$ cat coords.pdb   # PDB, C-alpha atoms
ATOM      1  CA  MET B   1      58.367  58.818  82.062  1.00  0.00           C
ATOM      2  CA  LYS B   2      55.781  56.092  82.112  1.00  0.00           C
ATOM      3  CA  ILE B   3      55.982  52.547  83.446  1.00  0.00           C
ATOM      4  CA  ARG B   4      53.620  49.812  82.268  1.00  0.00           C
ATOM      5  CA  VAL B   5      53.149  46.495  84.033  1.00  0.00           C
ATOM      6  CA  LEU B   6      53.579  43.693  81.495  1.00  0.00           C
ATOM      7  CA  GLY B   7      53.496  40.900  84.044  1.00  0.00           C
ATOM      8  CA  CYS B   8      53.291  40.681  87.831  1.00  0.00           C
ATOM      9  CA  ALA B   9      52.302  37.124  88.744  1.00  0.00           C
ATOM     10  CA  GLY B  10      54.423  34.680  90.699  1.00  0.00           C
ATOM     11  CA  ALA B  11      53.786  31.835  88.246  1.00  0.00           C
ATOM     12  CA  LEU B  12      51.948  30.989  85.018  1.00  0.00           C
ATOM     13  CA  ALA B  13      48.298  30.371  84.186  1.00  0.00           C
ATOM     14  CA  ALA B  14      45.795  31.691  81.652  1.00  0.00           C
ATOM     15  CA  GLY B  15      45.645  35.452  82.106  1.00  0.00           C
ATOM     16  CA  TYR B  16      48.746  35.566  84.307  1.00  0.00           C
ATOM     17  CA  ARG B  17      52.250  36.559  83.194  1.00  0.00           C
ATOM     18  CA  THR B  18      55.470  36.698  85.168  1.00  0.00           C
ATOM     19  CA  THR B  19      57.389  39.802  86.114  1.00  0.00           C
ATOM     20  CA  SER B  20      58.232  42.478  83.581  1.00  0.00           C
ATOM     21  CA  PHE B  21      57.815  46.254  83.442  1.00  0.00           C
ATOM     22  CA  LEU B  22      58.267  48.586  80.469  1.00  0.00           C
ATOM     23  CA  LEU B  23      59.780  52.020  81.151  1.00  0.00           C
ATOM     24  CA  ASP B  24      58.768  54.354  78.322  1.00  0.00           C
ATOM     25  CA  ASP B  25      59.164  52.230  75.193  1.00  0.00           C
ATOM     26  CA  ASP B  26      62.803  51.166  75.357  1.00  0.00           C
ATOM     27  CA  VAL B  27      63.651  49.837  78.833  1.00  0.00           C
ATOM     28  CA  LEU B  28      62.514  46.544  80.339  1.00  0.00           C
ATOM     29  CA  ILE B  29      62.788  45.978  84.062  1.00  0.00           C
ATOM     30  CA  ASP B  30      62.953  42.184  84.271  1.00  0.00           C
ATOM     31  CA  ALA B  31      61.966  40.024  81.334  1.00  0.00           C
ATOM     32  CA  GLY B  32      59.518  37.380  82.454  1.00  0.00           C
ATOM     33  CA  SER B  33      56.684  36.066  80.331  1.00  0.00           C
ATOM     34  CA  GLY B  34      55.012  39.494  80.507  1.00  0.00           C
ATOM     35  CA  VAL B  35      57.216  40.540  77.589  1.00  0.00           C
ATOM     36  CA  ALA B  36      54.756  38.613  75.396  1.00  0.00           C
ATOM     37  CA  GLU B  37      52.318  41.505  75.903  1.00  0.00           C
ATOM     38  CA  LEU B  38      54.468  43.492  73.440  1.00  0.00           C
ATOM     39  CA  THR B  39      54.118  43.434  69.673  1.00  0.00           C
ATOM     40  CA  VAL B  40      57.145  42.617  67.544  1.00  0.00           C
ATOM     41  CA  GLU B  41      57.437  46.316  66.716  1.00  0.00           C
ATOM     42  CA  ALA B  42      57.384  47.231  70.402  1.00  0.00           C
ATOM     43  CA  MET B  43      59.959  44.550  71.266  1.00  0.00           C
ATOM     44  CA  ALA B  44      62.285  45.916  68.601  1.00  0.00           C
ATOM     45  CA  LYS B  45      62.324  49.298  70.383  1.00  0.00           C
ATOM     46  CA  VAL B  46      63.774  47.813  73.590  1.00  0.00           C
ATOM     47  CA  ASP B  47      67.381  48.979  74.033  1.00  0.00           C
ATOM     48  CA  HIS B  48      67.940  48.028  77.687  1.00  0.00           C
ATOM     49  CA  ILE B  49      66.919  45.143  79.956  1.00  0.00           C
ATOM     50  CA  LEU B  50      67.515  45.594  83.693  1.00  0.00           C
ATOM     51  CA  VAL B  51      67.486  42.268  85.534  1.00  0.00           C
ATOM     52  CA  THR B  52      66.825  41.847  89.253  1.00  0.00           C
ATOM     53  CA  HIS B  53      68.120  38.264  89.501  1.00  0.00           C
ATOM     54  CA  SER B  54      68.632  35.043  87.582  1.00  0.00           C
ATOM     55  CA  HIS B  55      65.457  33.084  88.368  1.00  0.00           C
ATOM     56  CA  LEU B  56      63.572  31.883  85.308  1.00  0.00           C
ATOM     57  CA  ASP B  57      60.365  33.820  85.893  1.00  0.00           C
ATOM     58  CA  HIS B  58      62.376  37.049  85.611  1.00  0.00           C
ATOM     59  CA  VAL B  59      64.708  36.189  82.702  1.00  0.00           C
ATOM     60  CA  LEU B  60      62.925  33.698  80.448  1.00  0.00           C
ATOM     61  CA  ALA B  61      62.064  36.243  77.736  1.00  0.00           C
ATOM     62  CA  ILE B  62      65.566  37.692  77.271  1.00  0.00           C
ATOM     63  CA  GLY B  63      66.613  35.033  74.801  1.00  0.00           C
ATOM     64  CA  LEU B  64      63.219  34.907  73.146  1.00  0.00           C
ATOM     65  CA  LEU B  65      63.195  38.674  72.643  1.00  0.00           C
ATOM     66  CA  ALA B  66      66.701  38.542  71.160  1.00  0.00           C
ATOM     67  CA  ASP B  67      65.572  35.870  68.710  1.00  0.00           C
ATOM     68  CA  THR B  68      62.494  37.888  67.766  1.00  0.00           C
ATOM     69  CA  VAL B  69      64.158  41.240  67.133  1.00  0.00           C
ATOM     70  CA  GLN B  70      67.793  40.604  66.168  1.00  0.00           C
ATOM     71  CA  ARG B  71      67.214  40.581  62.405  1.00  0.00           C
ATOM     72  CA  ARG B  72      64.913  43.623  62.476  1.00  0.00           C
ATOM     73  CA  ARG B  73      67.315  45.636  64.653  1.00  0.00           C
ATOM     74  CA  ALA B  74      70.332  44.675  62.537  1.00  0.00           C
ATOM     75  CA  GLN B  75      68.597  45.725  59.322  1.00  0.00           C
ATOM     76  CA  ALA B  76      67.754  49.075  60.919  1.00  0.00           C
ATOM     77  CA  GLY B  77      71.335  49.572  62.100  1.00  0.00           C
ATOM     78  CA  ARG B  78      70.263  49.414  65.749  1.00  0.00           C
ATOM     79  CA  PRO B  79      72.857  48.449  68.403  1.00  0.00           C
ATOM     80  CA  PRO B  80      72.680  45.276  70.493  1.00  0.00           C
ATOM     81  CA  VAL B  81      70.166  45.184  73.338  1.00  0.00           C
ATOM     82  CA  LYS B  82      72.051  45.923  76.571  1.00  0.00           C
ATOM     83  CA  VAL B  83      71.376  43.535  79.462  1.00  0.00           C
ATOM     84  CA  HIS B  84      72.267  45.099  82.828  1.00  0.00           C
ATOM     85  CA  ALA B  85      72.638  42.945  85.944  1.00  0.00           C
ATOM     86  CA  LEU B  86      74.862  41.892  88.818  1.00  0.00           C
ATOM     87  CA  ARG B  87      78.044  40.039  87.853  1.00  0.00           C
ATOM     88  CA  GLU B  88      76.642  36.828  89.359  1.00  0.00           C
ATOM     89  CA  THR B  89      73.426  37.169  87.367  1.00  0.00           C
ATOM     90  CA  LEU B  90      75.284  37.720  84.105  1.00  0.00           C
ATOM     91  CA  GLU B  91      77.463  34.696  84.842  1.00  0.00           C
ATOM     92  CA  ALA B  92      74.354  32.610  85.461  1.00  0.00           C
ATOM     93  CA  LEU B  93      72.850  33.733  82.158  1.00  0.00           C
ATOM     94  CA  ARG B  94      76.060  32.877  80.302  1.00  0.00           C
ATOM     95  CA  SER B  95      76.438  29.475  81.953  1.00  0.00           C
ATOM     96  CA  HIS B  96      72.855  28.264  82.184  1.00  0.00           C
ATOM     97  CA  VAL B  97      70.850  30.010  79.439  1.00  0.00           C
ATOM     98  CA  PHE B  98      73.023  31.333  76.618  1.00  0.00           C
ATOM     99  CA  ASN B  99      75.168  28.209  76.475  1.00  0.00           C
ATOM    100  CA  GLY B 100      74.097  26.635  73.191  1.00  0.00           C
ATOM    101  CA  VAL B 101      72.192  23.929  75.062  1.00  0.00           C
ATOM    102  CA  ILE B 102      69.272  25.769  76.667  1.00  0.00           C
ATOM    103  CA  TRP B 103      69.442  28.632  74.157  1.00  0.00           C
ATOM    104  CA  PRO B 104      71.839  29.973  71.515  1.00  0.00           C
ATOM    105  CA  ASP B 105      74.455  32.455  72.701  1.00  0.00           C
ATOM    106  CA  PHE B 106      73.038  35.729  71.427  1.00  0.00           C
ATOM    107  CA  THR B 107      76.017  37.585  72.897  1.00  0.00           C
ATOM    108  CA  ARG B 108      77.901  36.090  69.896  1.00  0.00           C
ATOM    109  CA  LEU B 109      75.060  35.743  67.393  1.00  0.00           C
ATOM    110  CA  PRO B 110      74.357  36.562  64.635  1.00  0.00           C
ATOM    111  CA  SER B 111      78.093  37.364  64.760  1.00  0.00           C
ATOM    112  CA  PRO B 112      80.617  38.107  67.526  1.00  0.00           C
ATOM    113  CA  ASP B 113      81.148  41.653  66.241  1.00  0.00           C
ATOM    114  CA  ARG B 114      77.411  42.386  65.860  1.00  0.00           C
ATOM    115  CA  PRO B 115      75.633  40.370  68.541  1.00  0.00           C
ATOM    116  CA  ALA B 116      71.973  40.678  69.449  1.00  0.00           C
ATOM    117  CA  LEU B 117      72.799  41.176  73.152  1.00  0.00           C
ATOM    118  CA  THR B 118      75.607  42.673  75.206  1.00  0.00           C
ATOM    119  CA  PHE B 119      76.038  42.213  78.970  1.00  0.00           C
ATOM    120  CA  HIS B 120      76.754  45.115  81.327  1.00  0.00           C
ATOM    121  CA  GLU B 121      77.581  44.680  85.007  1.00  0.00           C
ATOM    122  CA  PHE B 122      76.299  46.868  87.813  1.00  0.00           C
ATOM    123  CA  ALA B 123      76.501  46.758  91.616  1.00  0.00           C
ATOM    124  CA  VAL B 124      74.187  47.660  94.482  1.00  0.00           C
ATOM    125  CA  GLY B 125      74.290  51.415  94.964  1.00  0.00           C
ATOM    126  CA  ASP B 126      75.059  52.194  91.325  1.00  0.00           C
ATOM    127  CA  ARG B 127      72.986  54.884  89.626  1.00  0.00           C
ATOM    128  CA  LEU B 128      72.289  54.073  86.012  1.00  0.00           C
ATOM    129  CA  ASP B 129      71.770  56.892  83.514  1.00  0.00           C
ATOM    130  CA  LEU B 130      69.666  55.627  80.605  1.00  0.00           C
ATOM    131  CA  GLY B 131      69.322  58.981  78.868  1.00  0.00           C
ATOM    132  CA  ASP B 132      66.478  61.469  78.618  1.00  0.00           C
ATOM    133  CA  GLY B 133      66.841  62.240  82.312  1.00  0.00           C
ATOM    134  CA  ARG B 134      66.083  58.672  83.356  1.00  0.00           C
ATOM    135  CA  ARG B 135      68.089  57.707  86.428  1.00  0.00           C
ATOM    136  CA  ILE B 136      67.697  54.347  88.132  1.00  0.00           C
ATOM    137  CA  GLU B 137      69.362  53.337  91.401  1.00  0.00           C
ATOM    138  CA  VAL B 138      70.255  49.704  92.081  1.00  0.00           C
ATOM    139  CA  LEU B 139      68.843  48.683  95.467  1.00  0.00           C
ATOM    140  CA  SER B 140      69.698  45.868  97.850  1.00  0.00           C
ATOM    141  CA  ALA B 141      67.569  42.710  97.904  1.00  0.00           C
ATOM    142  CA  ALA B 142      67.806  39.582 100.075  1.00  0.00           C
ATOM    143  CA  HIS B 143      66.979  36.475  98.056  1.00  0.00           C
ATOM    144  CA  THR B 144      68.266  32.929  97.560  1.00  0.00           C
ATOM    145  CA  VAL B 145      70.493  34.105  94.693  1.00  0.00           C
ATOM    146  CA  PRO B 146      72.248  37.462  94.316  1.00  0.00           C
ATOM    147  CA  ALA B 147      69.449  39.940  93.640  1.00  0.00           C
ATOM    148  CA  VAL B 148      68.573  43.612  93.520  1.00  0.00           C
ATOM    149  CA  GLY B 149      65.670  45.998  93.315  1.00  0.00           C
ATOM    150  CA  PHE B 150      65.412  49.293  91.443  1.00  0.00           C
ATOM    151  CA  ALA B 151      64.375  52.870  92.227  1.00  0.00           C
ATOM    152  CA  VAL B 152      63.359  54.913  89.182  1.00  0.00           C
ATOM    153  CA  ASP B 153      63.858  58.603  89.918  1.00  0.00           C
ATOM    154  CA  GLY B 154      60.708  60.549  89.134  1.00  0.00           C
ATOM    155  CA  GLY B 155      62.088  63.900  90.252  1.00  0.00           C
ATOM    156  CA  ALA B 156      59.702  65.983  92.331  1.00  0.00           C
ATOM    157  CA  LEU B 157      57.094  63.220  92.260  1.00  0.00           C
ATOM    158  CA  GLY B 158      59.441  60.815  94.009  1.00  0.00           C
ATOM    159  CA  HIS B 159      60.745  57.360  93.146  1.00  0.00           C
ATOM    160  CA  TRP B 160      58.991  54.346  91.679  1.00  0.00           C
ATOM    161  CA  VAL B 161      60.539  51.515  93.677  1.00  0.00           C
ATOM    162  CA  PHE B 162      60.511  47.808  92.797  1.00  0.00           C
ATOM    163  CA  THR B 163      61.933  45.540  95.496  1.00  0.00           C
ATOM    164  CA  GLY B 164      62.402  42.533  93.229  1.00  0.00           C
ATOM    165  CA  ASP B 165      62.178  39.156  94.957  1.00  0.00           C
ATOM    166  CA  THR B 166      63.247  39.622  98.558  1.00  0.00           C
ATOM    167  CA  GLY B 167      62.770  38.474 102.090  1.00  0.00           C
ATOM    168  CA  PRO B 168      63.213  40.761 105.097  1.00  0.00           C
ATOM    169  CA  ASN B 169      65.953  43.247 104.229  1.00  0.00           C
ATOM    170  CA  PRO B 170      66.991  46.050 106.636  1.00  0.00           C
ATOM    171  CA  ALA B 171      69.339  47.574 104.046  1.00  0.00           C
ATOM    172  CA  LEU B 172      66.403  48.290 101.734  1.00  0.00           C
ATOM    173  CA  TRP B 173      64.460  50.249 104.343  1.00  0.00           C
ATOM    174  CA  GLN B 174      67.522  52.207 105.374  1.00  0.00           C
ATOM    175  CA  ARG B 175      67.958  53.400 101.798  1.00  0.00           C
ATOM    176  CA  LEU B 176      64.244  54.093 101.256  1.00  0.00           C
ATOM    177  CA  SER B 177      64.225  56.267 104.384  1.00  0.00           C
ATOM    178  CA  GLU B 178      66.706  58.523 102.584  1.00  0.00           C
ATOM    179  CA  ILE B 179      64.704  59.109  99.389  1.00  0.00           C
ATOM    180  CA  LYS B 180      61.191  60.170  98.499  1.00  0.00           C
ATOM    181  CA  VAL B 181      59.060  57.172  97.512  1.00  0.00           C
ATOM    182  CA  ALA B 182      55.960  57.728  95.391  1.00  0.00           C
ATOM    183  CA  HIS B 183      55.124  54.097  94.602  1.00  0.00           C
ATOM    184  CA  LEU B 184      56.458  50.923  96.193  1.00  0.00           C
ATOM    185  CA  ILE B 185      56.102  47.662  94.264  1.00  0.00           C
ATOM    186  CA  ILE B 186      56.758  44.896  96.778  1.00  0.00           C
ATOM    187  CA  GLU B 187      56.320  41.170  96.614  1.00  0.00           C
ATOM    188  CA  CYS B 188      54.174  38.900  98.787  1.00  0.00           C
ATOM    189  CA  ALA B 189      54.750  35.508  97.226  1.00  0.00           C
ATOM    190  CA  PHE B 190      53.123  33.307  99.883  1.00  0.00           C
ATOM    191  CA  GLY B 191      50.125  33.319 102.186  1.00  0.00           C
ATOM    192  CA  ASP B 192      50.492  33.225 105.959  1.00  0.00           C
ATOM    193  CA  ASP B 193      49.882  29.468 105.918  1.00  0.00           C
ATOM    194  CA  GLU B 194      53.221  29.139 104.109  1.00  0.00           C
ATOM    195  CA  CYS B 195      55.295  31.694 106.009  1.00  0.00           C
ATOM    196  CA  GLY B 196      57.823  28.978 106.835  1.00  0.00           C
ATOM    197  CA  LEU B 197      58.350  28.271 103.143  1.00  0.00           C
ATOM    198  CA  ALA B 198      58.520  32.019 102.457  1.00  0.00           C
ATOM    199  CA  GLY B 199      61.343  32.292 104.976  1.00  0.00           C
ATOM    200  CA  ILE B 200      63.282  29.387 103.474  1.00  0.00           C
ATOM    201  CA  SER B 201      62.909  30.754  99.929  1.00  0.00           C
ATOM    202  CA  LYS B 202      63.511  34.366 101.022  1.00  0.00           C
ATOM    203  CA  HIS B 203      60.160  35.749  99.978  1.00  0.00           C
ATOM    204  CA  LEU B 204      57.536  37.650 101.966  1.00  0.00           C
ATOM    205  CA  CYS B 205      54.179  36.542 103.366  1.00  0.00           C
ATOM    206  CA  PRO B 206      51.581  38.958 104.809  1.00  0.00           C
ATOM    207  CA  THR B 207      53.019  38.744 108.324  1.00  0.00           C
ATOM    208  CA  THR B 208      56.573  39.551 107.263  1.00  0.00           C
ATOM    209  CA  LEU B 209      55.285  42.144 104.789  1.00  0.00           C
ATOM    210  CA  ARG B 210      53.525  43.877 107.704  1.00  0.00           C
ATOM    211  CA  ASP B 211      56.763  43.929 109.690  1.00  0.00           C
ATOM    212  CA  GLU B 212      58.735  45.265 106.716  1.00  0.00           C
ATOM    213  CA  LEU B 213      56.256  48.037 105.886  1.00  0.00           C
ATOM    214  CA  ALA B 214      56.386  49.216 109.507  1.00  0.00           C
ATOM    215  CA  LYS B 215      59.979  50.303 108.780  1.00  0.00           C
ATOM    216  CA  LEU B 216      58.836  52.756 106.088  1.00  0.00           C
ATOM    217  CA  GLY B 217      57.524  56.075 107.312  1.00  0.00           C
ATOM    218  CA  GLY B 218      54.841  58.259 105.780  1.00  0.00           C
ATOM    219  CA  SER B 219      51.870  57.214 103.673  1.00  0.00           C
ATOM    220  CA  ILE B 220      52.949  55.539 100.440  1.00  0.00           C
ATOM    221  CA  ASP B 221      51.079  53.819  97.622  1.00  0.00           C
ATOM    222  CA  VAL B 222      52.122  50.181  98.047  1.00  0.00           C
ATOM    223  CA  HIS B 223      51.368  47.704  95.256  1.00  0.00           C
ATOM    224  CA  ILE B 224      51.605  43.967  95.981  1.00  0.00           C
ATOM    225  CA  THR B 225      53.185  41.778  93.319  1.00  0.00           C
ATOM    226  CA  HIS B 226      54.431  38.206  92.703  1.00  0.00           C
ATOM    227  CA  ILE B 227      51.266  36.484  93.981  1.00  0.00           C
ATOM    228  CA  LYS B 228      50.760  33.024  92.523  1.00  0.00           C
ATOM    229  CA  PRO B 229      47.699  32.359  90.344  1.00  0.00           C
ATOM    230  CA  GLY B 230      44.876  30.889  92.383  1.00  0.00           C
ATOM    231  CA  GLU B 231      46.149  32.409  95.647  1.00  0.00           C
ATOM    232  CA  ARG B 232      45.525  36.089  94.951  1.00  0.00           C
ATOM    233  CA  ASP B 233      42.263  36.402  96.903  1.00  0.00           C
ATOM    234  CA  ALA B 234      43.594  34.698 100.028  1.00  0.00           C
ATOM    235  CA  VAL B 235      46.875  36.593 100.014  1.00  0.00           C
ATOM    236  CA  MET B 236      45.242  39.965  99.410  1.00  0.00           C
ATOM    237  CA  GLU B 237      42.642  39.368 102.111  1.00  0.00           C
ATOM    238  CA  ALA B 238      45.465  38.963 104.622  1.00  0.00           C
ATOM    239  CA  VAL B 239      47.406  41.900 103.155  1.00  0.00           C
ATOM    240  CA  MET B 240      44.425  44.230 103.331  1.00  0.00           C
ATOM    241  CA  ALA B 241      44.008  43.338 107.017  1.00  0.00           C
ATOM    242  CA  ILE B 242      47.426  44.848 107.775  1.00  0.00           C
ATOM    243  CA  ARG B 243      47.153  47.954 109.948  1.00  0.00           C
ATOM    244  CA  THR B 244      49.373  50.559 108.325  1.00  0.00           C
ATOM    245  CA  THR B 245      49.516  54.186 107.278  1.00  0.00           C
ATOM    246  CA  HIS B 246      50.304  53.060 103.729  1.00  0.00           C
ATOM    247  CA  ARG B 247      47.739  52.593 100.956  1.00  0.00           C
ATOM    248  CA  LEU B 248      47.759  48.929  99.914  1.00  0.00           C
ATOM    249  CA  SER B 249      46.497  47.400  96.667  1.00  0.00           C
ATOM    250  CA  ALA B 250      47.244  44.494  94.366  1.00  0.00           C
ATOM    251  CA  LEU B 251      49.392  45.312  91.356  1.00  0.00           C
ATOM    252  CA  GLU B 252      47.437  44.773  88.159  1.00  0.00           C
ATOM    253  CA  ASN B 253      48.646  43.532  84.804  1.00  0.00           C
ATOM    254  CA  LEU B 254      48.874  46.406  82.278  1.00  0.00           C
ATOM    255  CA  GLN B 255      48.601  48.977  85.086  1.00  0.00           C
ATOM    256  CA  GLU B 256      50.419  52.196  84.210  1.00  0.00           C
ATOM    257  CA  PHE B 257      52.366  54.682  86.318  1.00  0.00           C
ATOM    258  CA  SER B 258      53.255  58.217  85.265  1.00  0.00           C
ATOM    259  CA  LEU B 259      56.396  59.787  86.742  1.00  0.00           C
ATOM    260  CA  THR B 260      56.105  63.159  85.013  1.00  0.00           C
TER     261      THR B 260
END
$ encode --input "coords.pdb" --output "structure tokens"
Amino acid sequence: MKIRVLGCAGALAAGYRTTSFLLDDDVLIDAGSGVAELTVEAMAKVDHILVTHSHLDHVLAIGLLADTVQRRRAQAGRPPVKVHALRETLEALRSHVFNGVIWPDFTRLPSPDRPALTFHEFAVGDRLDLGDGRRIEVLSAAHTVPAVGFAVDGGALGHWVFTGDTGPNPALWQRLSEIKVAHLIIECAFGDDECGLAGISKHLCPTTLRDELAKLGGSIDVHITHIKPGERDAVMEAVMAIRTTHRLSALENLQEFSLT
């Protein structure tokens, strides 16, 4: 198994794309603007999209991908792309995106019996089996809308964990204490000068990130994501000043992880 970072920024600017990861060549974890890193041929291989929550920077490419690949997949006899998310997230997508106003309803197009997309509900604690030995656990997240993170099981190497967008969340650390973590992808969306705003919007800043990481034992590779363009240097300077046993670094666009 390999995971490639397609986007990891907290907003848009030249050279920055929002959150999306590609597991092998057929599973997207979130579908922000990072999906645009893929060729049409690569997009057409995507069979599953796992969504952490309904905010635009994590879902904006779902409809665009469907529009790009639906004809090609239909001609090849490929099934609809499966979108996996919480019930509340799927309801938000139906009501606010695939409503014929913001975007066509690709759960009924090009035809109700052969749509481009199908929606599949999961819950926190579920373990998804995506074939070829790929098992992904749905983790708790604490955000302003219903949200989750994911733990991709890498076997003996441990789990690749993505927190999604989250503020302080004791349930996450309880679960991570029970599994082996190889890589932790965790957000730090604001600098310490905006910790108040981070708290209101249920994100992390370096101070709260420090407190959260103190709940995770051992020495883990921790990769910081969701930093806004223009604020990376300031945020990472504060992050790197955190005293911890963990190995901290900024997540990089197109960075790759091997879980085999």
$ closest_residue --input "coords.pdb" --among "B:Arg114, B:His48, B:Gly164, B:Leu216" --to "B:Leu128" --atoms "all atoms listed in the file"
B:His48
$ closest_residue --input "coords.pdb" --among "B:Ala14, B:Leu204, B:Ile185, B:Ile136" --to "B:Gly167" --atoms "all atoms listed in the file"
B:Leu204
$ closest_residue --input "coords.pdb" --among "B:Cys195, B:Ala13, B:Val27, B:Val124" --to "B:Val235" --atoms "all atoms listed in the file"
B:Cys195
$ closest_residue --input "coords.pdb" --among "B:Ile186, B:Leu209, B:Val69, B:Ala151" --to "B:Pro168" --atoms "all atoms listed in the file"
B:Leu209
$ atom_distance --input "coords.pdb" --atom1 "atom CA of B:Pro229" --atom2 "atom CA of B:Thr208"
20.4 Å
$ closest_residue --input "coords.pdb" --among "B:Pro104, B:Arg72, B:Pro112, B:Val148" --to "B:Gly125" --atoms "only C-alpha atoms"
B:Val148
$ closest_residue --input "coords.pdb" --among "B:Trp160, B:Leu197, B:Thr52, B:Leu23" --to "B:Asp132" --atoms "all atoms listed in the file"
B:Leu23
$ atom_distance --input "coords.pdb" --atom1 "atom CA of B:Val46" --atom2 "atom CA of B:Leu184"
24.0 Å
$ atom_distance --input "coords.pdb" --atom1 "atom CA of B:His203" --atom2 "atom CA of B:Thr166"
5.2 Å
$ resolve_selection --input "coords.pdb" --expression "the PyMOL selection byres ((chain B and resi 187) around 6)" --output "MDAnalysis selection string"
chainID B and resid 186 188:189 224:226
$ write_last_selection --input "coords.pdb" --atoms "C-alpha atoms" --output "PDB file, in the frame of the given file"
ATOM      1  CA  ILE B 186      56.758  44.896  96.778  1.00  0.00           C
ATOM      2  CA  CYS B 188      54.174  38.900  98.787  1.00  0.00           C
ATOM      3  CA  ALA B 189      54.750  35.508  97.226  1.00  0.00           C
ATOM      4  CA  ILE B 224      51.605  43.967  95.981  1.00  0.00           C
ATOM      5  CA  THR B 225      53.185  41.778  93.319  1.00  0.00           C
ATOM      6  CA  HIS B 226      54.431  38.206  92.703  1.00  0.00           C
TER       7      HIS B 226
END
$ resolve_selection --input "coords.pdb" --expression "the PyMOL selection byres ((chain B and resi 155) around 10)" --output "list of chain:residue names"
B:Gly133, B:Arg134, B:Arg135, B:Val152, B:Asp153, B:Gly154, B:Ala156, B:Leu157, B:Gly158, B:His159, B:Lys180, B:Leu259, B:Thr260
$ resolve_selection --input "coords.pdb" --expression "the PyMOL selection byres ((chain B and resi 250-254) around 12)" --output "number ranges by chain"
B: 2-10, 15-22, 33-38, 162, 183-188, 221-227, 232-240, 247-249, 255-257
$ residues_around --input "coords.pdb" --residues "B:Leu93" --least-positions-apart "6" --cutoff "9 Å" --atoms "all atoms listed in the file" --output "list in words"
Ser54, Val59 and Asn99 of chain B
$ closest_atom_pairs --input "coords.pdb" --of "stretch 112-143 of chain B" --to "stretch 169-177 of chain B" --cutoff "12 Å" --atoms "all atoms listed in the file" --output "JSON lines"
{"residue": "B:Val124", "atom": "CA", "partner": "B:Leu172", "partner_atom": "CA", "distance": 10.7}
{"residue": "B:Gly125", "atom": "CA", "partner": "B:Arg175", "partner_atom": "CA", "distance": 9.5}
{"residue": "B:Glu137", "atom": "CA", "partner": "B:Arg175", "partner_atom": "CA", "distance": 10.5}
{"residue": "B:Val138", "atom": "CA", "partner": "B:Leu172", "partner_atom": "CA", "distance": 10.5}
{"residue": "B:Leu139", "atom": "CA", "partner": "B:Leu172", "partner_atom": "CA", "distance": 6.7}
{"residue": "B:Ser140", "atom": "CA", "partner": "B:Leu172", "partner_atom": "CA", "distance": 5.6}
{"residue": "B:Ala141", "atom": "CA", "partner": "B:Asn169", "partner_atom": "CA", "distance": 6.6}
{"residue": "B:Ala142", "atom": "CA", "partner": "B:Asn169", "partner_atom": "CA", "distance": 5.8}
{"residue": "B:His143", "atom": "CA", "partner": "B:Asn169", "partner_atom": "CA", "distance": 9.2}
$ axis_aligned_box --input "coords.pdb" --around "stretch 107-115 of chain B" --padding-each-side "4 Å" --output "lines of an AutoDock Vina configuration file"
center_x = 77.8
center_y = 39.1
center_z = 68.8
size_x = 14.8
size_y = 14.6
size_z = 16.3
